[in-house]
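Undergrad: Enclosed is the structure file coords03.tsv (TSV, C-alpha atoms and all ligand atoms).
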chain	number	residue	atom	x	y	z
A	135	MET	CA	16.77	-6.14	-12.84
A	136	LEU	CA	14.25	-7.91	-10.64
A	137	SER	CA	12.31	-10.76	-12.18
A	138	THR	CA	8.50	-10.53	-12.19
A	139	GLN	CA	8.37	-13.37	-9.69
A	140	SER	CA	10.45	-11.60	-7.07
A	141	VAL	CA	8.39	-8.40	-7.13
A	142	LEU	CA	5.07	-10.20	-6.54
A	143	PRO	CA	4.00	-8.95	-3.13
A	144	GLN	CA	3.93	-11.51	-0.38
A	145	ILE	CA	0.50	-12.63	0.73
A	146	ASP	CA	0.78	-12.91	4.48
A	147	LEU	CA	-1.67	-15.44	5.91
A	148	ARG	CA	0.32	-16.12	9.08
A	149	SER	CA	-1.88	-14.00	11.35
A	150	ASP	CA	-4.39	-11.16	11.40
A	151	THR	CA	-1.91	-9.23	13.53
A	152	VAL	CA	0.25	-8.35	10.50
A	153	THR	CA	-2.05	-5.64	9.14
A	154	LYS	CA	-0.58	-2.17	8.70
A	155	PRO	CA	-2.32	1.14	9.35
A	156	SER	CA	-3.90	2.62	6.21
A	157	PRO	CA	-3.13	6.24	5.16
A	158	GLU	CA	-6.52	7.25	6.63
A	159	MET	CA	-5.67	5.62	9.94
A	160	LEU	CA	-2.24	7.26	9.98
A	161	GLU	CA	-3.93	10.63	9.52
A	162	VAL	CA	-6.26	9.88	12.45
A	163	ILE	CA	-3.21	8.97	14.57
A	164	ARG	CA	-1.41	12.16	13.52
A	165	SER	CA	-4.26	14.48	14.34
A	166	ALA	CA	-5.62	12.86	17.52
A	167	PRO	CA	-5.87	15.12	20.58
A	168	VAL	CA	-3.56	13.78	23.30
A	169	GLY	CA	-2.69	14.32	26.96
A	170	ASP	CA	-1.09	12.49	29.86
A	171	ASP	CA	-3.13	9.33	30.39
A	172	VAL	CA	-1.44	8.50	33.71
A	173	TYR	CA	-3.13	11.73	34.86
A	174	GLY	CA	-6.34	10.56	33.12
A	175	GLU	CA	-6.00	13.52	30.74
A	176	ASP	CA	-5.76	11.94	27.32
A	177	PRO	CA	-9.00	12.87	25.53
A	178	SER	CA	-8.62	10.16	22.87
A	179	VAL	CA	-7.97	7.39	25.39
A	180	ASN	CA	-10.93	8.61	27.44
A	181	GLN	CA	-13.09	8.67	24.32
A	182	LEU	CA	-12.14	5.09	23.43
A	183	GLN	CA	-12.89	3.90	26.97
A	184	THR	CA	-16.25	5.68	27.11
A	185	LEU	CA	-17.21	4.39	23.68
A	186	MET	CA	-16.30	0.79	24.50
A	187	ALA	CA	-18.07	0.85	27.88
A	188	SER	CA	-21.19	1.94	26.03
A	189	VAL	CA	-20.83	-0.55	23.15
A	190	PHE	CA	-20.43	-3.45	25.59
A	191	GLY	CA	-22.91	-2.16	28.18
A	192	LYS	CA	-20.34	-2.16	31.00
A	193	GLU	CA	-19.74	0.53	33.62
A	194	ALA	CA	-16.11	1.09	32.69
A	195	ALA	CA	-13.30	0.28	30.27
A	196	LEU	CA	-9.51	0.53	30.37
A	197	TYR	CA	-7.08	0.81	27.44
A	198	VAL	CA	-4.03	-1.45	27.77
A	199	PRO	CA	-1.03	-2.12	25.52
A	200	SER	CA	-1.67	-5.78	24.62
A	201	GLY	CA	-4.16	-8.61	24.70
A	202	THR	CA	-1.92	-10.54	27.06
A	203	MET	CA	-1.84	-7.69	29.56
A	204	ALA	CA	-5.61	-7.35	29.17
A	205	ASN	CA	-6.30	-10.98	30.07
A	206	GLN	CA	-3.74	-11.11	32.83
A	207	LEU	CA	-4.99	-7.91	34.46
A	208	CYS	CA	-8.44	-9.47	34.58
A	209	LEU	CA	-7.11	-12.68	36.14
A	210	ARG	CA	-5.18	-10.66	38.73
A	211	THR	CA	-8.10	-8.41	39.54
A	212	HIS	CA	-10.51	-11.32	40.05
A	213	SER	CA	-8.23	-13.54	42.11
A	214	GLU	CA	-5.95	-14.04	45.08
A	215	PRO	CA	-2.82	-16.24	45.12
A	216	GLY	CA	-3.87	-19.88	45.43
A	217	ASP	CA	-7.04	-19.45	43.38
A	218	GLU	CA	-7.83	-21.45	40.30
A	219	VAL	CA	-9.11	-20.45	36.87
A	220	ILE	CA	-11.02	-22.92	34.70
A	221	CYS	CA	-10.29	-22.69	30.95
A	222	ASP	CA	-10.06	-24.84	27.84
A	223	TYR	CA	-6.70	-26.54	27.17
A	224	LYS	CA	-6.44	-24.60	23.91
A	225	ALA	CA	-6.95	-21.24	25.66
A	226	HIS	CA	-4.61	-18.38	24.84
A	227	ILE	CA	-4.16	-17.70	28.57
A	228	PHE	CA	-2.89	-21.28	28.96
A	229	ASN	CA	-0.74	-21.55	25.83
A	230	TYR	CA	0.53	-18.20	24.69
A	231	GLU	CA	0.97	-15.86	27.63
A	232	SER	CA	4.40	-17.01	28.83
A	233	GLY	CA	3.02	-18.64	31.96
A	234	ALA	CA	1.84	-15.25	33.19
A	235	ALA	CA	-1.06	-16.52	35.33
A	236	GLY	CA	1.29	-18.40	37.67
A	237	ASN	CA	3.92	-15.71	37.61
A	238	LEU	CA	1.96	-12.47	37.88
A	239	SER	CA	-1.18	-13.55	39.75
A	240	GLN	CA	0.00	-16.72	41.50
A	241	VAL	CA	-3.11	-18.52	40.33
A	242	GLN	CA	-3.23	-21.91	38.70
A	243	LEU	CA	-5.04	-22.68	35.51
A	244	HIS	CA	-7.28	-25.73	35.31
A	245	PRO	CA	-7.47	-26.59	31.62
A	246	LEU	CA	-10.32	-28.85	30.44
A	247	HIS	CA	-10.62	-30.73	27.15
A	248	GLY	CA	-13.46	-28.94	25.42
A	249	GLU	CA	-14.68	-29.60	21.91
A	250	HIS	CA	-13.11	-27.12	19.49
A	251	GLY	CA	-12.33	-24.83	22.41
A	252	ILE	CA	-15.89	-24.97	23.72
A	253	LEU	CA	-16.63	-26.29	27.22
A	254	SER	CA	-19.84	-27.91	28.44
A	255	VAL	CA	-21.53	-26.89	31.67
A	256	ASP	CA	-21.16	-30.43	33.04
A	257	GLN	CA	-17.42	-30.35	32.40
A	258	ILE	CA	-17.12	-27.07	34.25
A	259	LYS	CA	-19.36	-28.28	37.10
A	260	SER	CA	-17.21	-31.31	37.74
A	261	ALA	CA	-14.05	-29.19	37.73
A	262	VAL	CA	-15.24	-26.83	40.47
A	263	ARG	CA	-13.57	-27.70	43.77
A	264	ASP	CA	-14.86	-27.74	47.35
A	265	LYS	CA	-13.72	-24.81	49.39
A	266	ALA	CA	-11.56	-26.97	51.68
A	267	TYR	CA	-8.52	-25.03	52.83
A	268	TRP	CA	-6.17	-27.50	51.12
A	269	ASN	CA	-7.78	-27.04	47.72
A	270	PRO	CA	-7.10	-24.33	45.21
A	271	TRP	CA	-10.28	-22.24	45.18
A	272	THR	CA	-12.17	-22.03	41.93
A	273	LYS	CA	-12.50	-18.30	41.38
A	274	LEU	CA	-13.01	-17.78	37.69
A	275	ILE	CA	-14.26	-19.42	34.49
A	276	ALA	CA	-12.39	-18.00	31.48
A	277	LEU	CA	-13.86	-18.58	28.00
A	278	GLU	CA	-12.40	-17.55	24.63
A	279	ASN	CA	-14.52	-16.39	21.68
A	280	THR	CA	-13.54	-16.91	18.95
A	281	GLY	CA	-11.18	-19.71	19.94
A	282	ASN	CA	-7.81	-19.02	18.32
A	283	LYS	CA	-5.99	-22.36	18.69
A	284	ALA	CA	-9.31	-24.15	18.11
A	285	GLY	CA	-9.44	-22.63	14.60
A	286	GLY	CA	-11.53	-19.48	15.01
A	287	THR	CA	-14.52	-21.32	16.48
A	288	ILE	CA	-17.56	-19.51	17.85
A	289	TYR	CA	-19.01	-20.15	21.31
A	290	PRO	CA	-22.76	-20.66	20.89
A	291	ILE	CA	-24.59	-17.93	22.80
A	292	GLU	CA	-26.89	-20.53	24.42
A	293	ARG	CA	-23.85	-22.30	25.87
A	294	ILE	CA	-22.43	-19.03	27.16
A	295	LYS	CA	-25.75	-18.31	28.85
A	296	GLU	CA	-25.85	-21.76	30.52
A	297	ILE	CA	-22.29	-21.36	31.79
A	298	TYR	CA	-23.14	-17.92	33.10
A	299	GLU	CA	-26.22	-19.22	34.95
A	300	PHE	CA	-24.15	-21.97	36.53
A	301	SER	CA	-21.48	-19.45	37.55
A	302	ARG	CA	-24.07	-17.35	39.38
A	303	GLU	CA	-25.34	-20.39	41.34
A	304	ALA	CA	-21.77	-21.41	42.14
A	305	GLY	CA	-20.56	-17.92	43.07
A	306	ILE	CA	-17.79	-17.97	40.46
A	307	LYS	CA	-16.84	-15.04	38.23
A	308	THR	CA	-16.67	-15.21	34.44
A	309	HIS	CA	-14.07	-13.72	32.08
A	310	LEU	CA	-14.10	-13.62	28.29
A	311	ASP	CA	-10.95	-13.50	26.21
A	312	GLY	CA	-12.67	-11.70	23.37
A	313	ALA	CA	-9.56	-10.86	21.34
A	314	ARG	CA	-11.66	-11.83	18.30
A	315	LEU	CA	-15.15	-11.37	19.71
A	316	TRP	CA	-15.62	-8.95	16.79
A	317	ASN	CA	-15.41	-11.88	14.37
A	318	ALA	CA	-18.01	-13.88	16.32
A	319	HIS	CA	-20.28	-10.83	16.40
A	320	VAL	CA	-20.21	-10.13	12.66
A	321	GLU	CA	-20.67	-13.81	11.86
A	322	THR	CA	-23.59	-14.53	14.24
A	323	GLY	CA	-25.26	-11.13	14.48
A	324	VAL	CA	-25.33	-11.49	18.29
A	325	SER	CA	-24.62	-8.00	19.62
A	326	LEU	CA	-21.42	-7.18	21.49
A	327	ASN	CA	-23.62	-5.96	24.31
A	328	GLU	CA	-25.41	-9.29	24.57
A	329	TYR	CA	-22.17	-11.26	24.59
A	330	ALA	CA	-20.80	-8.97	27.30
A	331	GLN	CA	-23.69	-9.33	29.74
A	332	TYR	CA	-22.63	-12.90	30.59
A	333	PHE	CA	-19.15	-11.90	31.74
A	334	ASP	CA	-17.86	-10.05	34.78
A	335	SER	CA	-14.89	-9.00	32.68
A	336	LEU	CA	-13.89	-9.03	29.02
A	337	SER	CA	-10.81	-8.28	26.99
A	338	VAL	CA	-11.04	-7.24	23.34
A	339	CYS	CA	-8.16	-6.65	20.88
A	340	PHE	CA	-7.93	-3.88	18.31
A	341	SER	CA	-4.72	-5.20	16.77
A	342	LYS	CA	-6.15	-8.41	15.30
A	343	GLY	CA	-8.67	-8.31	12.46
A	344	LEU	CA	-9.73	-4.73	13.24
A	345	GLY	CA	-6.30	-3.65	12.06
A	346	ALA	CA	-5.19	-1.04	14.61
A	347	PRO	CA	-1.48	-1.09	15.43
A	348	ILE	CA	-1.58	-1.46	19.21
A	349	GLY	CA	-3.92	-2.10	22.07
A	350	SER	CA	-6.72	-3.88	23.85
A	351	VAL	CA	-9.50	-2.78	26.14
A	352	ILE	CA	-10.76	-4.50	29.27
A	353	LEU	CA	-14.32	-4.02	30.46
A	354	GLY	CA	-16.16	-4.55	33.71
A	355	SER	CA	-17.80	-2.82	36.67
A	356	ALA	CA	-16.45	0.54	37.83
A	357	ASP	CA	-14.94	-1.12	40.92
A	358	PHE	CA	-13.31	-3.84	38.85
A	359	ILE	CA	-11.72	-1.36	36.45
A	360	LYS	CA	-10.56	0.85	39.32
A	361	LYS	CA	-8.66	-2.09	40.79
A	362	ALA	CA	-7.31	-3.20	37.39
A	363	HIS	CA	-6.13	0.38	36.74
A	364	ARG	CA	-3.82	0.17	39.74
A	365	TYR	CA	-2.39	-3.18	38.57
A	366	ARG	CA	-1.88	-1.75	35.09
A	367	LYS	CA	0.37	0.94	36.56
A	368	MET	CA	2.12	-1.59	38.81
A	369	TRP	CA	2.90	-3.76	35.78
A	370	GLY	CA	4.29	-0.86	33.77
A	371	GLY	CA	1.29	-0.46	31.51
A	372	GLY	CA	0.50	3.17	32.38
A	373	MET	CA	0.98	5.18	29.20
A	374	ARG	CA	1.31	8.91	28.64
A	375	GLN	CA	0.24	10.44	25.27
A	376	ALA	CA	-1.32	7.21	24.03
A	377	GLY	CA	-4.16	9.07	22.32
A	378	GLY	CA	-2.92	8.51	18.78
A	379	LEU	CA	-3.05	4.77	19.35
A	380	ALA	CA	-6.46	4.96	21.02
A	381	ALA	CA	-7.78	7.07	18.14
A	382	ALA	CA	-6.61	4.35	15.73
A	383	CYS	CA	-8.66	1.85	17.78
A	384	ILE	CA	-11.77	4.04	17.53
A	385	TYR	CA	-11.19	4.38	13.79
A	386	ALA	CA	-10.72	0.62	13.44
A	387	TYR	CA	-13.92	-0.10	15.35
A	388	GLU	CA	-15.92	2.41	13.32
A	389	HIS	CA	-14.54	1.54	9.88
A	390	HIS	CA	-13.22	-2.01	9.91
A	391	LEU	CA	-15.72	-4.05	11.90
A	392	ALA	CA	-18.15	-4.91	9.12
A	393	GLY	CA	-15.26	-5.87	6.81
A	394	LEU	CA	-14.46	-8.90	8.98
A	395	LYS	CA	-17.28	-10.67	7.19
A	396	GLN	CA	-15.22	-10.45	4.01
A	397	ASP	CA	-12.25	-12.07	5.77
A	398	HIS	CA	-14.52	-14.99	6.69
A	399	LEU	CA	-15.66	-15.42	3.10
A	400	HIS	CA	-12.03	-15.33	1.94
A	401	LEU	CA	-11.04	-17.95	4.49
A	402	GLY	CA	-13.85	-20.22	3.31
A	403	MET	CA	-12.57	-19.97	-0.28
A	404	ILE	CA	-9.02	-20.81	0.78
A	405	ALA	CA	-10.23	-23.73	2.94
A	406	GLU	CA	-12.24	-25.07	0.01
A	407	ALA	CA	-9.23	-24.90	-2.32
A	408	PHE	CA	-6.83	-26.42	0.22
A	409	SER	CA	-9.25	-29.28	0.93
A	410	GLY	CA	-8.95	-30.25	-2.76
A	411	ILE	CA	-5.38	-31.38	-2.16
A	412	LYS	CA	-5.11	-35.11	-1.57
A	413	GLY	CA	-4.55	-35.96	2.10
A	414	VAL	CA	-5.47	-32.52	3.48
A	415	LYS	CA	-7.95	-32.97	6.33
A	416	ILE	CA	-10.18	-30.12	7.44
A	417	ASP	CA	-12.70	-30.33	10.27
A	418	TRP	CA	-15.40	-28.15	8.73
A	419	ASP	CA	-17.04	-27.61	12.15
A	420	THR	CA	-14.08	-25.37	12.96
A	421	VAL	CA	-14.19	-23.29	9.77
A	422	ARG	CA	-16.35	-20.43	11.03
A	423	THR	CA	-14.42	-17.17	10.89
A	424	ASN	CA	-10.98	-16.08	9.62
A	425	ILE	CA	-8.78	-18.96	10.83
A	426	LEU	CA	-8.14	-22.35	9.22
A	427	ILE	CA	-6.13	-25.05	10.94
A	428	ALA	CA	-5.71	-27.98	8.56
A	429	ASP	CA	-4.15	-31.39	9.14
A	430	VAL	CA	-1.51	-32.24	6.52
A	431	SER	CA	-0.27	-35.50	8.10
A	432	GLU	CA	-1.57	-37.59	5.21
A	433	THR	CA	-0.30	-35.40	2.38
A	434	GLY	CA	3.21	-36.86	2.42
A	435	LYS	CA	4.58	-33.46	3.48
A	436	SER	CA	5.18	-31.99	6.91
A	437	ALA	CA	3.74	-28.68	8.07
A	438	ALA	CA	7.19	-27.14	7.63
A	439	GLU	CA	7.37	-28.44	4.05
A	440	TRP	CA	3.93	-27.00	3.22
A	441	THR	CA	5.01	-23.69	4.68
A	442	GLU	CA	8.16	-23.70	2.55
A	443	LEU	CA	6.31	-24.79	-0.58
A	444	LEU	CA	3.84	-21.91	-0.31
A	445	LYS	CA	6.57	-19.47	0.66
A	446	ASN	CA	8.17	-20.19	-2.69
A	447	GLN	CA	4.93	-18.88	-4.20
A	448	ASN	CA	5.11	-15.76	-1.99
A	449	ILE	CA	2.34	-17.06	0.26
A	450	LEU	CA	3.14	-17.06	3.97
A	451	ILE	CA	1.35	-19.44	6.36
A	452	SER	CA	2.17	-20.74	9.85
A	453	PRO	CA	3.29	-24.26	10.61
A	454	PHE	CA	0.99	-24.69	13.61
A	455	SER	CA	2.32	-28.06	14.79
A	456	ALA	CA	4.37	-30.78	13.10
A	457	THR	CA	1.24	-31.93	11.26
A	458	THR	CA	-1.00	-28.85	11.03
A	459	VAL	CA	-0.77	-25.54	9.23
A	460	ARG	CA	-2.67	-22.33	9.92
A	461	PHE	CA	-4.08	-19.83	7.43
A	462	VAL	CA	-5.52	-16.53	8.70
A	463	THR	CA	-7.26	-13.95	6.54
A	464	HIS	CA	-7.41	-10.24	7.34
A	465	ARG	CA	-8.08	-6.84	5.81
A	466	ASP	CA	-4.69	-6.59	4.12
A	467	VAL	CA	-5.41	-9.73	2.10
A	468	HIS	CA	-7.33	-8.38	-0.88
A	469	PRO	CA	-9.78	-10.28	-3.11
A	470	ASP	CA	-7.28	-10.56	-5.98
A	471	GLN	CA	-4.72	-12.04	-3.59
A	472	VAL	CA	-7.27	-14.57	-2.34
A	473	GLU	CA	-7.86	-15.50	-5.96
A	474	ARG	CA	-4.13	-16.03	-6.41
A	475	VAL	CA	-3.94	-18.23	-3.29
A	476	VAL	CA	-6.89	-20.28	-4.55
A	477	ASP	CA	-5.23	-20.64	-7.97
A	478	VAL	CA	-1.95	-21.79	-6.42
A	479	LEU	CA	-3.71	-24.29	-4.14
A	480	GLU	CA	-5.82	-25.60	-7.02
A	481	SER	CA	-2.74	-26.06	-9.18
A	482	LEU	CA	-1.09	-28.00	-6.34
A	483	GLY	CA	-4.28	-30.09	-6.06
A	484	THR	CA	-4.38	-31.19	-9.69
A	485	GLY	CA	-1.93	-33.95	-10.44
A	486	ASN	CA	-2.55	-35.58	-7.06
B	1	LIG	C1	-3.84	-12.38	20.14
B	1	LIG	C2	-4.62	-12.92	21.26
B	1	LIG	C3	-4.48	-12.40	22.55
B	1	LIG	C4	-3.54	-11.28	22.89
B	1	LIG	O1	-2.28	-11.39	22.39
B	1	LIG	P1	-1.23	-10.19	22.37
B	1	LIG	O2	-0.21	-10.72	21.46
B	1	LIG	O3	-0.76	-10.01	23.75
B	1	LIG	O4	-1.91	-8.97	21.86
B	1	LIG	C5	-5.28	-12.92	23.53
B	1	LIG	N1	-6.16	-13.89	23.27
B	1	LIG	C6	-6.34	-14.40	22.05
B	1	LIG	C7	-7.37	-15.44	21.83
B	1	LIG	C8	-5.56	-13.94	21.01
B	1	LIG	O5	-5.72	-14.46	19.79
Starting from the file, lay out its structure as structure tokens.

TA:
Amino acid sequence: MLSTQSVLPQIDLRSDTVTKPSPEMLEVIRSAPVGDDVYGEDPSVNQLQTLMASVFGKEAALYVPSGTMANQLCLRTHSEPGDEVICDYKAHIFNYESGAAGNLSQVQLHPLHGEHGILSVDQIKSAVRDKAYWNPWTKLIALENTGNKAGGTIYPIERIKEIYEFSREAGIKTHLDGARLWNAHVETGVSLNEYAQYFDSLSVCFSKGLGAPIGSVILGSADFIKKAHRYRKMWGGGMRQAGGLAAACIYAYEHHLAGLKQDHLHLGMIAEAFSGIKGVKIDWDTVRTNILIADVSETGKSAAEWTELLKNQNILISPFSATTVRFVTHRDVHPDQVERVVDVLESLGTGN
């Protein structure tokens, strides 16, 4: 016989990538019309691409297997070997893409120390290099919204606009890693279309908070996407009957977008409860969407020990560094589970 404790379902706050397709989504996947997408004949992939181009106000879109491939295809398409890409030092393209920029595109990244993942125009200006032949050439400014490693922070639209205006004067392209742009959009009310107009290219993920199993889309001009399409095939990302997956992305966009707001509310409740524990430090400026990165260095326990302690309560979190832990809310964390997390954290807080 199993004890009650051991059958309590795990509450997985490690990432918003752990969501599983709902029965409704599985039915959409099962019944999606499909064809050979390398021939351009998959109606569901084509529908997703047309829909996204229209949502973001771009000429064209391309479905790709992962967010990493999405970003890297954009870097490759914008650049030549020896070029340089300006980004924040917490950027996903700098930290979590296996060094792909140097390997696949032969470009170098120029990471700057922004505040909570957000760069200033002056910082960017002073990082742009002269076009001397011995310099790397500054080709691209890559921003991330929301900023993952920064704690789900939102780029203010005014700042994006200023950076864009500078990029036009300087003749530099702009790229947005918008894996979680959806979260910024539901939180600020700034339309996806408005965000997109300040970028020559964007990548957006369907497998994060939106809860589809697989895939990202890149967006840009028709010429840009035509070039990226060739690199996608070169890199082994050309897919055949991918329509079921694309249909899941359409379903996720149409049915799960508004629900992200709920994830943000849940995260706020968890942050509040965790901050009640003695020694836990939270920078509230970073608590904006569905990610919390909290400093536990003064709690007397390491990040690994906090992770273990909560795991014993069937709550999974990520040790983010030796002294920080990460909580991420998503659509498979239900209100009653958030309540349970809050209860557990509050009980750990009392007695301190
Ligand atoms: C998840 C993520 C990606 C893409 O990651 P994949 O694991 O390749 O899908 C890109 N950028 C950010 C900010 C992300 O959070």

Undergrad: All residues within 9 Å of ligand LIG 1 (chain B) are required, counting only C-alpha atoms and all ligand atoms; please report them as a ChimeraX atom specification.

TA: /A:150-151,199-205,225-227,230-231,278-283,286,311-314,337-342,348-350

Undergrad: One number please: atom CA of A:Lys154 to atom CA of A:Gln471, in Å, one decimal.

TA: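 So the two atoms, atom CA of A:Lys154 and atom CA of A:Gln471, lie 16.3 Å apart.
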
Undergrad: When distances are computed from all atoms listed in the file, which of A:Gly285, A:Pro453, A:Gly354, A:Gly377 shows the smallest separation from A:Ile427?

TA: A:Gly285

Undergrad: In Å, rounded to a single decimal, give me how far atom CA of A:Leu238 is from atom CA of A:Thr272.

TA: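 A separation of 17.5 Å between them.
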
Undergrad: Looking at only C-alpha atoms, which of A:Asn269, A:Ser156, A:Asn424, A:Ser452 is the one that sits closest to A:Ala437?

TA: A:Ser452

Undergrad: For stretch 284-292 of chain A, supply all heavy atoms and report the output as a compact mmCIF listing (two decimals), keeping the file's coordinate frame.

TA:
# COMPACT_ATOMS: atom_id res chain seq x y z
N ALA A 284 -8.28 -23.20 18.53
CA ALA A 284 -9.31 -24.15 18.11
C ALA A 284 -9.68 -23.95 16.63
O ALA A 284 -10.44 -24.73 16.07
CB ALA A 284 -10.54 -24.01 18.99
N GLY A 285 -9.19 -22.87 16.02
CA GLY A 285 -9.44 -22.63 14.60
C GLY A 285 -10.48 -21.56 14.33
O GLY A 285 -11.17 -21.60 13.31
N GLY A 286 -10.59 -20.59 15.24
CA GLY A 286 -11.53 -19.48 15.01
C GLY A 286 -12.98 -19.87 15.27
O GLY A 286 -13.90 -19.34 14.65
N THR A 287 -13.17 -20.82 16.20
CA THR A 287 -14.52 -21.32 16.48
C THR A 287 -15.34 -20.33 17.31
O THR A 287 -14.79 -19.52 18.05
CB THR A 287 -14.44 -22.66 17.23
OG1 THR A 287 -13.56 -22.50 18.35
CG2 THR A 287 -13.92 -23.76 16.32
N ILE A 288 -16.65 -20.44 17.17
CA ILE A 288 -17.56 -19.51 17.85
C ILE A 288 -18.28 -20.23 18.99
O ILE A 288 -18.84 -21.30 18.80
CB ILE A 288 -18.60 -18.96 16.85
CG1 ILE A 288 -17.89 -18.16 15.74
CG2 ILE A 288 -19.64 -18.11 17.56
CD1 ILE A 288 -18.82 -17.66 14.65
N TYR A 289 -18.25 -19.62 20.17
CA TYR A 289 -19.01 -20.15 21.31
C TYR A 289 -20.49 -19.89 21.07
O TYR A 289 -20.89 -18.73 20.94
CB TYR A 289 -18.62 -19.41 22.59
CG TYR A 289 -18.01 -20.28 23.66
CD1 TYR A 289 -16.64 -20.29 23.86
CD2 TYR A 289 -18.82 -21.10 24.46
CE1 TYR A 289 -16.07 -21.09 24.83
CE2 TYR A 289 -18.25 -21.91 25.43
CZ TYR A 289 -16.88 -21.90 25.61
OH TYR A 289 -16.31 -22.70 26.57
N PRO A 290 -21.33 -20.92 21.05
CA PRO A 290 -22.76 -20.66 20.89
C PRO A 290 -23.29 -19.83 22.06
O PRO A 290 -22.94 -20.09 23.22
CB PRO A 290 -23.40 -22.06 20.90
CG PRO A 290 -22.28 -23.01 20.66
CD PRO A 290 -21.03 -22.35 21.17
N ILE A 291 -24.11 -18.84 21.75
CA ILE A 291 -24.59 -17.93 22.80
C ILE A 291 -25.40 -18.68 23.86
O ILE A 291 -25.34 -18.35 25.05
CB ILE A 291 -25.39 -16.74 22.19
CG1 ILE A 291 -25.72 -15.68 23.24
CG2 ILE A 291 -26.65 -17.21 21.48
CD1 ILE A 291 -24.56 -14.85 23.69
N GLU A 292 -26.11 -19.73 23.45
CA GLU A 292 -26.89 -20.53 24.42
C GLU A 292 -25.97 -21.17 25.45
O GLU A 292 -26.29 -21.24 26.63
CB GLU A 292 -27.70 -21.61 23.70
CG GLU A 292 -28.88 -21.07 22.91
CD GLU A 292 -29.79 -20.17 23.75
OE1 GLU A 292 -30.02 -20.49 24.94
OE2 GLU A 292 -30.24 -19.12 23.22
